[in-house]
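Report on the following structure.
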There are 4 protein chains.
Amino acid sequence: VTASQRLGLILASESLTFLMEAHSGVSAHIVEEAGFEAIWASGLTIATSLGVRDCNEASWTQVLEVVESMADVTSIPILVDGDSGYGNFNNVRRLVRKLCERGVAGVCLEDKLFPKANSFLGERQPLVDVAEFCGKIRAARDSQTDEEFCVVARVEALVSGLGLGEALRRAHAYREAGASAILIHSKRRSPDEVLAFGREWAGRCPLIVVPTTYPSVTREQLEQAGVSAVIWANHTLRAAIAAMRRVCREIHRRRSTADLESNLASVGDVLSMFDHDELRDAEARYLAPTPPSRAPAKVESAAAHAGLARARAPHA
Amino acid sequence: VTASQRLGLILASESLTFLMEAHSGVSAHIVEEAGFEAIWASGLTIATSLGVRDCNEASWTQVLEVVESMADVTSIPILVDGDSGYGNFNNVRRLVRKLCERGVAGVCLEDKLFPKANSFLGERQPLVDVAEFCGKIRAARDSQTDEEFCVVARVEALVSGLGLGEALRRAHAYREAGASAILIHSKRRSPDEVLAFGREWAGRCPLIVVPTTYPSVTREQLEQAGVSAVIWANHTLRAAIAAMRRVCREIHRRRSTADLESNLASVGDVLSMFDHDELRDAEARYLAPTPPSRAPAKVESAAAHAGLARARAPHA
Amino acid sequence: VTASQRLGLILASESLTFLMEAHSGVSAHIVEEAGFEAIWASGLTIATSLGVRDCNEASWTQVLEVVESMADVTSIPILVDGDSGYGNFNNVRRLVRKLCERGVAGVCLEDKLFPKANSFLGERQPLVDVAEFCGKIRAARDSQTDEEFCVVARVEALVSGLGLGEALRRAHAYREAGASAILIHSKRRSPDEVLAFGREWAGRCPLIVVPTTYPSVTREQLEQAGVSAVIWANHTLRAAIAAMRRVCREIHRRRSTADLESNLASVGDVLSMFDHDELRDAEARYLAPTPPSRAPAKVESAAAHAGLARARAPHA
Amino acid sequence: VTASQRLGLILASESLTFLMEAHSGVSAHIVEEAGFEAIWASGLTIATSLGVRDCNEASWTQVLEVVESMADVTSIPILVDGDSGYGNFNNVRRLVRKLCERGVAGVCLEDKLFPKANSFLGERQPLVDVAEFCGKIRAARDSQTDEEFCVVARVEALVSGLGLGEALRRAHAYREAGASAILIHSKRRSPDEVLAFGREWAGRCPLIVVPTTYPSVTREQLEQAGVSAVIWANHTLRAAIAAMRRVCREIHRRRSTADLESNLASVGDVLSMFDHDELRDAEARYLAPTPPSRAPAKVESAAAHAGLARARAPHA
């Protein structure tokens, strides 16, 4: 099965699945290694890792390069946070084609404007017109070159304070336009509005939630509300930031790393993560020893290039 | 003073300075925030962060893009690990010109072949010919467009087991070729060979060490040996990896983040790191209210964002 | 004088100046070589060269990379077609900062939406709100790190059929917001509306025109209308396309290049364009011949790496 | 059939095939449009187009991006000039994997050192050791993810003046290592040495030639010598350079484009090349008219673009 098929199965399955955030090759590797079934390539954390803000300051091709490095080192499916699609339906088409080429399993599009603002900033952020967003979903669908590629529609109506009715109205429209799943977002401290949405939604298509602000929601609550998948949307980077801050401050204060090694992955761990050992086997395989008789012919670079320096370009 | 001037002053000063590793925009920001005077943009950790190995699998322009994102969010000088220069003297020239354009303070070149192998891998890695490496240093010098740009020559003779004499012979040659400073590398568990080098070197030009394998070396030992600067070469990423692994495993096991929030930076911390608040002020400044006659048409941008401008980030 | 100062002087001068389009390193080199005083980095032709359409299918960083390759090989100022600014005022800020870093002399922003459509496509394309566009100009001004950087405001009111009054109203607002110059665009077959605009504008700030559809306009007409600069906006690429088509068809038909060489630049011309000869001098300078006594130490790569293959990573 | 299968068939077929050089999206499109069966993505012309020299000044990922833009707009197979593989066997592996992902049909590797120098520069350029180069070919083979991907081995022995015997010795070794085809290069004014090689080679595997310096060679001569394919290695760019120079000089001299339009592709031609018309259909499809109740808010997008959709491109 391909990555996109697996993501489709995960979303369709009865049991609750957890997607963990990653924002780089190394963090994606760690998420897979920890046992997660899928990766959330978060717009917020990729932006932060790049040193920019979560309002489309990074270009879509810069994000694509990060996502490619994540796909290259993992085998579990990656769902990419496509923000509001980096423009209109046509920008969505280009994004989807490139994500399919990079082996990504799916994209999540949110019903906000471009450039987007992070959902935790401010209140009542404007949403895009329903028809225009449905056009983006259809455009994504029509341009995917991987048949099983998933297009998740993220509903921001609750975040923007427009209420359950508007959220449901939008979710229905997005599903009809072809969305593989609905991500219902909320920034309340309580899961109530999300759970209410889930009950009303009644499994019309898979439902995804992001309990960043309501982490104490229980698995039972989510399952009873018909939720298919949970995204831990930024926790890997938040763990890294906390640790980097702590260790940097401590090393700066002590002017020594001597007693801090236990807080650190070893250099050997770092080197084994992307299999430096394989290089040795490969060198044995591909760098065959030169037969003795050839040694004199091994013109070395400096001298040979010095010879080149004396010659003339025939066409110049 | 420019970043490169500051790096020059740091290297020339009597007191010991510590450079901390970073590998991304966010980690560079954290290093500066912790109080360090300069950043080491490590080849190993940038490669690992990108999900590739430390043998020039990432192209030099991919590394350049990471370095640019680091320079964009910091004001302290960045010394870039230029590996063996990504090819010959001509590749060094291109690298140096681009680093100067990106506002980087200096580059460190090591006397190994291209593609390089990580110094902790294997024994007796071959070194480049002295004359060829001196040519690279001179090429770097002749092509720097920032007069104060630093070119650090990294001597791998001890790592390759060639002994103190060869290390000193090379260091002398590199200094004569124009190196701003010498980085003497070692992978012994004891600092002895590095300290011996320092005593013999006797301050002919600034000396840098990388105590990855001998972290218990003391400040006094280093100062007595005439060392100018210490590079903590990979500790920021190693802290991040350890934390990401721990948190990912724990969240995967518990299927909840409920009791782990204390190990994580808050979302508000993440958002304030690259000053999402500035956006609100900027929106007030640049998204002027639409004159009344046009108001009905202004649904999406100015008015709506003005609403956003009055709100507060809930986590900040 | 810097490139941006020169562009400022060109725009401010009494005499008419001509900017020629380029879309790549090689075409920019040719424009300078032909004697032009400045380069127009066209959105349409850069997109076409990349194989995409002129509706912001290429990301702004992809365009930035093309522009960097143009700036690297030229010394005359480059005015970059910034389309509608790749988003809102904040995207404009990032664009302007990066263009300043790349040594570009100025940017031209047009008062259309994002993603833009090529001006020759369709009629009555919607324009952006005046206040919002003025905010973009002010944002550009406030974020330029090169004091002399030019921000040209392109008025699309005539192209969108909104008439001379609206065009003038917008031009006044843009100048007050800080625009260095006004580019008044038209797609009529006659220069009349542009000349009328020029007379009404009366030199309030430098005026630029793009006579793609009215090439028979005379220098005298333009000077009398107070025009400062003319952009030949796409002619270099159009020459290249016509020639590539003709030569490709001819070679395909004949299955030979034998009699077509006179239509082609020679290989020597190609090699001398970016000074391959300099390499030989540089090799003589930087690849000093190895002293004889060192020859045995010149461990060659394959054998040495084979040695590496037998060793073990100590930290693994 | 996939692009790589088609390239394999072209190389294996009895009849002589011609590959035409391209260096960008637009030039690749033109090569296909002219009727050629395959494209040569030349290292020299891609470098020149980027404004750098043909000695690996552009990074391999910069070249990859150009190649991707070519693959995106064409359906005929692309054979990429991989120079000497951008480093050692491991760099070759990464290159091949990425080329397969981008839908490229094959790569050509040459038996020179890294960084390479253009073959027309200087005499007696050093070649890489046979065993090391065979390792690269095997590494390419083992890492291709597209089974039909072609790996062409380019023999530089004749160019380096080492004679027919050495050229044949190398060709045999490369074929045994797994090369799909041999490219025998020569920079003589006469085809004699290439034809002699062909006769000796006797069809052991497909043979490719590059008659840049001997354009008067006839089809019959090539067929009799057993040549499978001919690469016109730089003619598209050479046509473009000649035309851009001529037109730029002429426009600069005349300060007018008035009488030069016949030498140029029309703007309509430029816009139709990458199907700007498709955008109008797509807008009609994806920017559905807003329901009446929401119409007032829909100023900018759907309604306005619907107007655009009814219009015609004036130049098309």
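Residues in the structure tokens are named by chain (A, B, ... in the order shown) and by number from 1 within that chain; ligands are numbered from 1 in the order shown.
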Report task. For chain C, work out the contacting residues on chain B at 9 Å, counting only C-alpha atoms, and write them as an MDAnalysis selection string. Result -> chainID B and resid 89:90 101:103 113 120:139 279 282:283 285:291 294 298 301:302
Query raised in the report: Looking only at the backbone, which of the residues in range 151-310 of chain A does DSSP tag as alpha helix (DSSP H), as a PyMOL selection string?
Result: chain A and resi 163-177+192-201+219-224+235-254+267-273+276-286+301-310
Query - Contacts of range 46-48 of chain C within 8 Å, only C-alpha atoms, excl. fewer than 4 positions in-chain, as an MDAnalysis selection string - result: (chainID C and resid 22:24 41:42 52:54 57:58 63 66) or (chainID D and resid 25:26 270 274)
Save out the residues we just selected, N, CA and C atoms, as a short mmCIF file (atom, residue, chain, number, x, y, z; two decimals), in the first residue's frame.
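What ended up in out02.cif:
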data_model
loop_
_atom_site.label_atom_id
_atom_site.label_comp_id
_atom_site.auth_asym_id
_atom_site.auth_seq_id
_atom_site.Cartn_x
_atom_site.Cartn_y
_atom_site.Cartn_z
N ALA C 22 15.07 41.13 -19.11
CA ALA C 22 15.86 39.90 -19.02
C ALA C 22 15.15 38.96 -18.06
N HIS C 23 15.51 37.68 -18.13
CA HIS C 23 14.75 36.64 -17.41
C HIS C 23 15.66 35.54 -16.90
N SER C 24 16.97 35.75 -16.97
CA SER C 24 17.94 34.70 -16.60
C SER C 24 19.31 35.36 -16.53
N ALA C 41 13.45 43.01 -14.90
CA ALA C 41 13.28 41.57 -14.61
C ALA C 41 11.78 41.29 -14.63
N SER C 42 11.31 40.85 -15.76
CA SER C 42 9.87 40.75 -16.03
C SER C 42 9.23 39.53 -15.39
N VAL C 52 6.14 28.21 -16.49
CA VAL C 52 4.85 28.39 -15.80
C VAL C 52 4.16 29.64 -16.32
N ARG C 53 2.93 29.84 -15.86
CA ARG C 53 2.14 30.95 -16.36
C ARG C 53 2.30 32.20 -15.51
N ASP C 54 1.94 33.31 -16.09
CA ASP C 54 2.13 34.60 -15.44
C ASP C 54 0.96 34.92 -14.51
N GLU C 57 2.29 31.46 -10.51
CA GLU C 57 2.49 30.02 -10.34
C GLU C 57 3.87 29.73 -9.75
N ALA C 58 4.86 30.50 -10.15
CA ALA C 58 6.17 30.39 -9.51
C ALA C 58 6.08 31.08 -8.16
N VAL C 63 11.29 33.15 -7.99
CA VAL C 63 11.61 34.36 -8.76
C VAL C 63 12.85 35.04 -8.17
N VAL C 66 16.01 33.52 -9.49
CA VAL C 66 16.32 33.95 -10.84
C VAL C 66 16.93 35.36 -10.81
N GLY D 25 12.49 25.60 -18.82
CA GLY D 25 11.14 25.17 -19.17
C GLY D 25 10.77 25.55 -20.58
N VAL D 26 10.99 26.81 -20.93
CA VAL D 26 10.54 27.28 -22.24
C VAL D 26 11.30 26.60 -23.37
N VAL D 270 3.69 33.91 -26.66
CA VAL D 270 4.27 33.66 -25.34
C VAL D 270 3.18 33.18 -24.38
N PHE D 274 2.25 28.31 -22.58
CA PHE D 274 1.91 27.55 -21.38
C PHE D 274 0.43 27.70 -21.04
#
Query raised in the report: Could you pull out all residues of range 19-234 of chain B with a DSSP call of strand (DSSP E or B) and give them as a ChimeraX atom specification?
Result: /B:19-22,38-41,78-81,106-110,112,127,150-155,181-184,207-209,229-232
As a PDB file with C-alpha atoms, in the first residue's frame, please: the residues near Arg141 in chain B (cut-off 10 Å, only C-alpha atoms, same-chain neighbours under 6 positions excluded).
ATOM      1  CA  VAL B  92      35.239  27.870  -2.184  1.00  0.00           C
ATOM      2  CA  ARG B  93      35.165  31.220  -3.949  1.00  0.00           C
ATOM      3  CA  VAL B  96      32.547  32.688   0.354  1.00  0.00           C
ATOM      4  CA  GLY B 135      45.164  27.577  -2.354  1.00  0.00           C
ATOM      5  CA  GLU B 147      36.763  42.839   4.459  1.00  0.00           C
ATOM      6  CA  PHE B 149      35.047  38.122   6.994  1.00  0.00           C
ATOM      7  CA  CYS B 150      36.906  35.410   8.919  1.00  0.00           C
ATOM      8  CA  VAL B 151      38.391  32.322   7.284  1.00  0.00           C
ATOM      9  CA  ALA B 177      48.134  31.354   3.441  1.00  0.00           C
ATOM     10  CA  GLY B 178      45.886  33.816   5.239  1.00  0.00           C
ATOM     11  CA  ALA B 179      43.773  31.930   7.772  1.00  0.00           C
ATOM     12  CA  SER B 180      42.222  34.202  10.419  1.00  0.00           C
TER      13      SER B 180
END
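Reported to one decimal place, the separation of CA of Gly203 in chain D from CA of Glu14 in chain D is 10.4 Å.
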Query raised in the report: Hey, what's within 9 Å of Val227 in chain C if we count only C-alpha atoms and toss same-chain stuff fewer than 5 positions away? As a PyMOL selection string, please?
Result: chain C and resi 15-16+195+198+203+206-209+221-222
Report task. Just the residues within 7 Å of Leu11 in chain A, please, counting only C-alpha atoms, with nothing from its chain fewer than 3 positions along; format it as a PyMOL selection string. Result -> chain A and resi 7-8+206+228-229
Next, the residues of the selection above should be written as a short mmCIF file (atom, residue, chain, number, x, y, z; two decimals), in the first residue's frame with C-alpha atoms.
data_model
loop_
_atom_site.label_atom_id
_atom_site.label_comp_id
_atom_site.auth_asym_id
_atom_site.auth_seq_id
_atom_site.Cartn_x
_atom_site.Cartn_y
_atom_site.Cartn_z
CA LEU A 7 -3.67 7.65 5.28
CA GLY A 8 -7.04 6.92 3.71
CA PRO A 206 -13.96 11.12 8.70
CA SER A 228 -11.40 9.50 13.49
CA ALA A 229 -8.07 11.10 14.11
#
